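> So I've got this file, upload-v4.cif, and it contains mmCIF, C-alpha atoms (C1' of nucleotides):
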```cif
data_run
#
loop_
_atom_site.group_PDB
_atom_site.id
_atom_site.type_symbol
_atom_site.label_atom_id
_atom_site.label_comp_id
_atom_site.auth_asym_id
_atom_site.auth_seq_id
_atom_site.Cartn_x
_atom_site.Cartn_y
_atom_site.Cartn_z
ATOM 1 C CA MET J 1 83.572 86.144 111.486
ATOM 2 C CA MET J 2 85.558 86.203 108.261
ATOM 3 C CA VAL J 3 85.798 89.966 108.121
ATOM 4 C CA TYR J 4 87.516 90.018 111.488
ATOM 5 C CA ARG J 5 90.074 87.393 110.521
ATOM 6 C CA ARG J 6 90.975 89.157 107.332
ATOM 7 C CA LEU J 7 91.364 92.497 109.061
ATOM 8 C CA LEU J 8 93.528 90.935 111.753
ATOM 9 C CA SER J 9 95.805 89.197 109.276
ATOM 10 C CA SER J 10 96.141 92.391 107.205
ATOM 11 C CA TYR J 11 96.831 94.834 109.993
ATOM 12 C CA GLY J 12 97.806 92.814 113.051
ATOM 13 C CA LYS J 13 96.916 93.684 116.620
ATOM 14 C CA GLN J 14 96.155 97.341 117.267
ATOM 15 C CA HIS J 15 96.762 97.452 121.031
ATOM 16 C CA TRP J 16 93.774 99.568 121.960
ATOM 17 C CA TRP J 17 92.788 101.754 123.777
ATOM 18 C CA PRO J 18 95.849 104.042 123.913
ATOM 19 C CA GLY J 19 96.032 105.384 127.470
ATOM 20 C CA ASP J 20 97.781 104.811 130.781
ATOM 21 C CA SER J 21 94.720 104.257 132.954
ATOM 22 C CA PRO J 22 90.991 103.506 132.743
ATOM 23 C CA PHE J 23 90.242 107.088 133.722
ATOM 24 C CA GLU J 24 92.424 108.411 130.925
ATOM 25 C CA VAL J 25 90.561 106.132 128.529
ATOM 26 C CA MET J 26 87.251 107.605 129.650
ATOM 27 C CA VAL J 27 88.470 111.174 129.286
ATOM 28 C CA GLY J 28 89.736 110.296 125.829
ATOM 29 C CA ALA J 29 86.362 108.821 124.921
ATOM 30 C CA VAL J 30 84.690 112.166 125.555
ATOM 31 C CA LEU J 31 87.407 114.230 123.895
ATOM 32 C CA THR J 32 87.492 112.131 120.741
ATOM 33 C CA GLN J 33 83.851 112.757 119.865
ATOM 34 C CA ASN J 34 83.869 113.609 116.163
ATOM 35 C CA THR J 35 87.540 114.519 116.453
ATOM 36 C CA ALA J 36 90.831 113.150 115.135
ATOM 37 C CA TRP J 37 92.751 111.225 117.784
ATOM 38 C CA SER J 38 95.957 113.200 117.192
ATOM 39 C CA ASN J 39 94.146 116.273 118.499
ATOM 40 C CA VAL J 40 92.941 114.394 121.552
ATOM 41 C CA GLU J 41 96.514 113.382 122.378
ATOM 42 C CA ARG J 42 97.553 117.014 122.643
ATOM 43 C CA ALA J 43 94.645 117.757 124.950
ATOM 44 C CA ILE J 44 95.405 114.808 127.220
ATOM 45 C CA LEU J 45 99.076 115.733 127.277
ATOM 46 C CA ALA J 46 98.124 119.246 128.362
ATOM 47 C CA LEU J 47 96.029 117.828 131.200
ATOM 48 C CA LYS J 48 98.929 115.645 132.286
ATOM 49 C CA LYS J 49 101.431 118.475 132.186
ATOM 50 C CA ALA J 50 99.081 120.593 134.290
ATOM 51 C CA ASP J 51 98.765 117.585 136.630
ATOM 52 C CA VAL J 52 94.979 117.653 136.496
ATOM 53 C CA LEU J 53 94.151 114.338 134.833
ATOM 54 C CA ASP J 54 91.922 113.149 137.643
ATOM 55 C CA ALA J 55 88.240 113.553 138.389
ATOM 56 C CA GLN J 56 88.651 115.748 141.459
ATOM 57 C CA SER J 57 90.905 118.266 139.750
ATOM 58 C CA ILE J 58 88.616 118.502 136.760
ATOM 59 C CA VAL J 59 85.533 119.020 138.901
ATOM 60 C CA ASN J 60 87.278 121.697 140.952
ATOM 61 C CA MET J 61 88.690 123.689 138.073
ATOM 62 C CA THR J 62 86.706 126.314 136.195
ATOM 63 C CA SER J 63 85.235 125.399 132.817
ATOM 64 C CA LYS J 64 87.217 128.280 131.433
ATOM 65 C CA ARG J 65 90.561 126.852 132.447
ATOM 66 C CA LEU J 66 89.581 123.332 131.457
ATOM 67 C CA ALA J 67 88.483 124.540 128.033
ATOM 68 C CA GLY J 68 91.849 126.208 127.593
ATOM 69 C CA LEU J 69 93.698 123.002 128.403
ATOM 70 C CA ILE J 70 91.684 120.777 126.076
ATOM 71 C CA ARG J 71 91.559 123.378 123.335
ATOM 72 C CA PRO J 72 93.368 121.263 120.684
ATOM 73 C CA SER J 73 90.663 118.596 120.811
ATOM 74 C CA GLY J 74 88.078 120.942 119.326
ATOM 75 C CA TYR J 75 84.571 121.781 120.626
ATOM 76 C CA PHE J 76 86.465 122.770 123.751
ATOM 77 C CA ASN J 77 83.694 124.739 125.447
ATOM 78 C CA ILE J 78 81.199 121.934 125.077
ATOM 79 C CA LYS J 79 83.676 119.228 125.949
ATOM 80 C CA ALA J 80 84.851 121.083 129.048
ATOM 81 C CA LYS J 81 81.297 120.967 130.370
ATOM 82 C CA ARG J 82 80.870 117.344 129.316
ATOM 83 C CA LEU J 83 84.062 116.369 131.104
ATOM 84 C CA LYS J 84 82.913 118.119 134.251
ATOM 85 C CA TYR J 85 79.512 116.441 134.160
ATOM 86 C CA PHE J 86 81.223 113.115 133.638
ATOM 87 C CA CYS J 87 83.761 113.578 136.428
ATOM 88 C CA LEU J 88 81.047 114.704 138.805
ATOM 89 C CA TRP J 89 79.138 111.504 138.046
ATOM 90 C CA TYR J 90 82.324 109.484 138.399
ATOM 91 C CA LEU J 91 83.001 110.855 141.868
ATOM 92 C CA GLU J 92 79.386 110.598 142.990
ATOM 93 C CA GLN J 93 79.336 106.918 142.081
ATOM 94 C CA GLY J 94 82.465 106.303 144.131
ATOM 95 C CA GLY J 95 85.084 106.078 141.398
ATOM 96 C CA HIS J 96 86.340 103.178 139.360
ATOM 97 C CA ALA J 97 86.562 100.633 142.147
ATOM 98 C CA SER J 98 82.888 101.103 142.935
ATOM 99 C CA LEU J 99 81.721 101.223 139.315
ATOM 100 C CA GLU J 100 83.626 98.070 138.549
ATOM 101 C CA ARG J 101 81.171 96.055 140.615
ATOM 102 C CA TRP J 102 78.127 97.204 138.654
ATOM 103 C CA GLU J 103 76.440 95.013 136.123
ATOM 104 C CA ASN J 104 76.824 95.907 132.452
ATOM 105 C CA ARG J 105 73.282 97.135 131.857
ATOM 106 C CA ARG J 106 73.133 99.242 134.970
ATOM 107 C CA LEU J 107 76.540 100.743 134.311
ATOM 108 C CA ARG J 108 75.616 101.528 130.711
ATOM 109 C CA ARG J 109 72.302 103.130 131.665
ATOM 110 C CA SER J 110 73.990 105.231 134.300
ATOM 111 C CA MET J 111 76.643 106.424 131.855
ATOM 112 C CA LEU J 112 74.040 107.321 129.247
ATOM 113 C CA ALA J 113 72.272 109.486 131.797
ATOM 114 C CA VAL J 114 75.354 111.735 131.971
ATOM 115 C CA HIS J 115 74.973 114.799 129.800
ATOM 116 C CA GLY J 116 77.319 114.520 126.840
ATOM 117 C CA VAL J 117 77.761 110.754 127.017
ATOM 118 C CA GLY J 118 75.968 109.045 124.147
ATOM 119 C CA PRO J 119 75.900 105.394 123.044
ATOM 120 C CA GLU J 120 79.315 105.275 121.428
ATOM 121 C CA THR J 121 81.105 107.151 124.180
ATOM 122 C CA ALA J 122 79.498 104.945 126.824
ATOM 123 C CA ASP J 123 80.419 101.795 124.930
ATOM 124 C CA ASP J 124 84.006 102.969 124.451
ATOM 125 C CA MET J 125 84.212 103.327 128.205
ATOM 126 C CA LEU J 126 82.502 100.019 128.917
ATOM 127 C CA LEU J 127 84.741 98.071 126.568
ATOM 128 C CA TYR J 128 88.070 99.818 126.928
ATOM 129 C CA ALA J 129 87.984 101.102 130.502
ATOM 130 C CA PHE J 130 85.876 98.384 132.154
ATOM 131 C CA ASN J 131 86.596 95.407 129.905
ATOM 132 C CA ARG J 132 82.924 94.642 129.420
ATOM 133 C CA PRO J 133 81.768 92.645 126.382
ATOM 134 C CA VAL J 134 80.060 95.587 124.663
ATOM 135 C CA PHE J 135 80.586 96.044 120.931
ATOM 136 C CA VAL J 136 81.280 99.621 119.865
ATOM 137 C CA ILE J 137 79.566 100.907 116.731
ATOM 138 C CA ASP J 138 80.941 103.982 115.046
ATOM 139 C CA ALA J 139 80.918 105.732 111.681
ATOM 140 C CA TYR J 140 83.695 103.470 110.371
ATOM 141 C CA THR J 141 81.867 100.297 111.350
ATOM 142 C CA ARG J 142 78.727 101.491 109.639
ATOM 143 C CA ARG J 143 80.507 102.636 106.497
ATOM 144 C CA ILE J 144 82.496 99.439 106.073
ATOM 145 C CA PHE J 145 79.524 97.129 106.520
ATOM 146 C CA VAL J 146 77.307 99.217 104.278
ATOM 147 C CA ARG J 147 79.973 99.020 101.557
ATOM 148 C CA LEU J 148 80.178 95.279 102.039
ATOM 149 C CA GLY J 149 76.425 95.138 101.526
ATOM 150 C CA LEU J 150 75.948 93.385 104.851
ATOM 151 C CA ILE J 151 73.712 96.027 106.401
ATOM 152 C CA VAL J 152 71.456 98.799 105.169
ATOM 153 C CA ALA J 153 72.563 102.402 105.477
ATOM 154 C CA ASP J 154 70.057 103.515 108.104
ATOM 155 C CA GLU J 155 70.561 100.656 110.529
ATOM 156 C CA GLY J 156 70.251 102.070 114.037
ATOM 157 C CA TYR J 157 72.964 101.980 116.675
ATOM 158 C CA GLU J 158 71.309 99.485 119.002
ATOM 159 C CA ALA J 159 70.287 97.206 116.167
ATOM 160 C CA MET J 160 73.845 97.035 114.891
ATOM 161 C CA ARG J 161 75.298 96.486 118.323
ATOM 162 C CA ALA J 162 72.827 93.691 118.993
ATOM 163 C CA MET J 163 73.704 92.096 115.672
ATOM 164 C CA PHE J 164 77.454 92.063 116.297
ATOM 165 C CA GLU J 165 77.064 90.857 119.856
ATOM 166 C CA ALA J 166 74.717 88.062 118.812
ATOM 167 C CA VAL J 167 77.015 86.871 116.029
ATOM 168 C CA LEU J 168 80.264 87.084 117.956
ATOM 169 C CA GLY J 169 79.061 86.106 121.394
ATOM 170 C CA PRO J 170 80.240 87.950 124.524
ATOM 171 C CA ASP J 171 83.985 88.219 124.014
ATOM 172 C CA THR J 172 85.779 91.274 125.329
ATOM 173 C CA VAL J 173 89.068 90.458 123.627
ATOM 174 C CA ILE J 174 87.492 90.056 120.190
ATOM 175 C CA TYR J 175 85.347 93.198 120.590
ATOM 176 C CA ASN J 176 88.396 95.186 121.628
ATOM 177 C CA GLU J 177 90.459 94.134 118.637
ATOM 178 C CA TYR J 178 87.630 94.152 116.112
ATOM 179 C CA HIS J 179 86.606 97.747 116.702
ATOM 180 C CA ALA J 180 90.217 98.906 116.586
ATOM 181 C CA LEU J 181 90.731 97.076 113.294
ATOM 182 C CA LEU J 182 87.604 98.620 111.780
ATOM 183 C CA VAL J 183 88.884 102.079 112.665
ATOM 184 C CA LYS J 184 92.254 101.268 111.126
ATOM 185 C CA HIS J 185 90.676 99.932 107.947
ATOM 186 C CA GLY J 186 88.287 102.885 107.754
ATOM 187 C CA LYS J 187 91.111 105.377 108.008
ATOM 188 C CA ASP J 188 93.534 103.678 105.631
ATOM 189 C CA VAL J 189 91.338 102.036 103.029
ATOM 190 C CA CYS J 190 87.592 102.498 103.334
ATOM 191 C CA ARG J 191 87.593 106.240 102.806
ATOM 192 C CA PRO J 192 84.397 108.313 102.746
ATOM 193 C CA ALA J 193 82.667 108.700 99.416
ATOM 194 C CA PRO J 194 83.286 112.034 97.683
ATOM 195 C CA ARG J 195 80.577 114.624 98.077
ATOM 196 C CA CYS J 196 80.221 115.048 94.370
ATOM 197 C CA ALA J 197 80.513 111.724 92.552
ATOM 198 C CA HIS J 198 80.535 113.587 89.272
ATOM 199 C CA CYS J 199 83.851 115.235 90.099
ATOM 200 C CA CYS J 200 85.465 111.812 90.352
ATOM 201 C CA LEU J 201 84.435 110.929 86.819
ATOM 202 C CA VAL J 202 84.925 114.062 84.766
ATOM 203 C CA THR J 203 87.241 117.029 84.616
ATOM 204 C CA HIS J 204 84.563 119.678 84.222
ATOM 205 C CA CYS J 205 81.977 119.303 86.900
ATOM 206 C CA PRO J 206 78.610 121.008 86.260
ATOM 207 C CA THR J 207 78.196 121.660 89.969
ATOM 208 C CA GLY J 208 81.352 123.733 89.915
ATOM 209 C CA GLN J 209 82.755 122.085 93.013
ATOM 210 C CA SER J 210 86.044 121.263 91.412
ATOM 211 C CA SER J 211 88.003 124.334 92.320
ATOM 212 C CA LYS J 212 89.616 125.389 89.106
ATOM 213 C CA LYS J 213 90.730 128.919 89.226
ATOM 214 C "C1'" DA N 1 90.114 126.782 100.214
ATOM 215 C "C1'" DC N 2 87.929 122.634 101.001
ATOM 216 C "C1'" DC N 3 87.012 118.230 103.522
ATOM 217 C "C1'" DC N 4 87.399 115.286 107.314
ATOM 218 C "C1'" DA N 5 87.783 113.453 111.993
ATOM 219 C "C1'" DG N 6 87.270 107.226 116.930
ATOM 220 C "C1'" DG N 7 79.464 112.200 118.429
ATOM 221 C "C1'" DG N 8 75.976 114.365 121.038
ATOM 222 C "C1'" DT N 9 72.467 117.773 122.050
ATOM 223 C "C1'" DC N 10 69.004 120.868 120.914
ATOM 224 C "C1'" DA N 11 65.380 123.238 118.242
ATOM 225 C "C1'" DT N 12 61.968 122.617 114.881
ATOM 226 C "C1'" DA N 13 58.022 120.272 112.093
ATOM 227 C "C1'" DT G 1 60.667 110.525 114.843
ATOM 228 C "C1'" DA G 2 63.290 112.692 111.860
ATOM 229 C "C1'" DT G 3 65.937 115.986 109.964
ATOM 230 C "C1'" DG G 4 69.240 120.174 110.469
ATOM 231 C "C1'" DA G 5 72.200 123.383 113.084
ATOM 232 C "C1'" DC G 6 75.695 123.704 116.091
ATOM 233 C "C1'" DC G 7 80.022 122.907 118.376
ATOM 234 C "C1'" DA G 8 86.037 124.081 116.707
ATOM 235 C "C1'" DT G 9 90.721 122.366 116.238
ATOM 236 C "C1'" DG G 10 94.499 120.454 113.260
ATOM 237 C "C1'" DG G 11 95.885 117.607 109.102
ATOM 238 C "C1'" DG G 12 95.486 116.272 104.304
#
```
Can I see the file as structure tokens?

Amino acid sequence: MMVYRRLLSSYGKQHWWPGDSPFEVMVGAVLTQNTAWSNVERAILALKKADVLDAQSIVNMTSKRLAGLIRPSGYFNIKAKRLKYFCLWYLEQGGHASLERWENRRLRRSMLAVHGVGPETADDMLLYAFNRPVFVIDAYTRRIFVRLGLIVADEGYEAMRAMFEAVLGPDTVIYNEYHALLVKHGKDVCRPAPRCAHCCLVTHCPTGQSSKK
DNA sequence: ACCCAGGGTCATA
DNA sequence: TATGACCATGGG
């Protein structure tokens, strides 16, 4: 796809997902829900320094303590519970070595059944922790392709994923790089539209949202 | 002081 | 099924 080539030549390889192990990638996928990655890094660093970045430690520890450790990532009470649910599932299924033998669909369904793991989080894990050819759709992907006029605004998650996967064919390497490039482009260039378009055009906004005073 | 960020769940209608 | 409320920190 042309969009992919142009992004790649503009930005170069992104080397995703940042993380030292598949498990760390999965933890990061939960922690980064609606959250800036820089905040997630602090949380993961705190887990490492406390030497608890493994499923067993997280399951054993109280939600209270876990919430304190991941505090910088935001939504810490909710995410502490989500991490515990996820790690419990992870252990029950026999860990990474066991999960690695599962087929894509079964693995995805099983992940989605974990409380706190939605489509994007599951697909992050599938692509970046298990190297499965699953295309990740996120807010950046949607925004960029809406702006390009290539999709309509209310296109659903599964419809978009199916579209990308059909066009690109099953290719883990391309999916990996493409998603990372879309995030990069979304952050740097394809910024969100202003809330009040009027404020971009005039100095005195009738809605009063331009904070003068 | 606002807005935003690599979402997901839950309660309503 | 389709909206809205809620979760919470750190950076611009």
> Here's the selection I'm unsure about, the PyMOL selection byres ((chain G and resi 1) around 12); applied to the file above, which residues does it give, as a PyMOL selection string?
(chain N and resi 13) or (chain G and resi 2-3)
> How far is it from CA of Asn39 in chain J to CA of Glu92 in chain J, in Å with one decimal?
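CA of Glu92 in chain J lies 29.2 Å from CA of Asn39 in chain J.
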> With a distance cut-off of 7 Å and only C-alpha atoms (C1' of nucleotides), select the neighbouring residues of Tyr140 in chain J, excluding the residue or stretch itself and same-chain residues fewer than 5 positions from it, and output the selection as an MDAnalysis selection string.
chainID J and resid 182:183 186
> Would you list the residues near (76.2, 123.3, 116.7) (no more than 9 Å away, in the coordinates of the file, using only C-alpha atoms (C1' of nucleotides)) as JSON, numbers by chain?
{"N": [9, 10], "G": [5, 6, 7]}
> Residues of chain J were defined as contacting chain N if any atom lay at most 6 Å from it, counting only C-alpha atoms (C1' of nucleotides); please report them as a list in words.
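On the chain J side, the interface is Gln33, Asn34, Thr35, Ala36 and Gly116 of chain J.
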> Enumerate, as an NGL selection string, the residues matched when the PyMOL selection byres ((chain J) within 6 of (chain G)) is run on the file above.
:J and (72-75)
> Which residues come within 12 Å of Gln93 in chain J, counting all atoms listed in the file, excluding same-chain residues fewer than 6 positions away, as a list in words?
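Once the adjacent positions are removed, what remains is Ala55, Phe86, Cys87, Leu99, Glu100, Arg101, Trp102, Leu107, Ser110, Met111 and Val114 of chain J.
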> Could you tell me which residues the PyMOL selection byres ((chain J and resi 122) around 12) returns for this structure, as an MDAnalysis selection string?
(chainID J and resid 25:30 33 86 104:121 123:130 132 134:138) or (chainID N and resid 7:8)
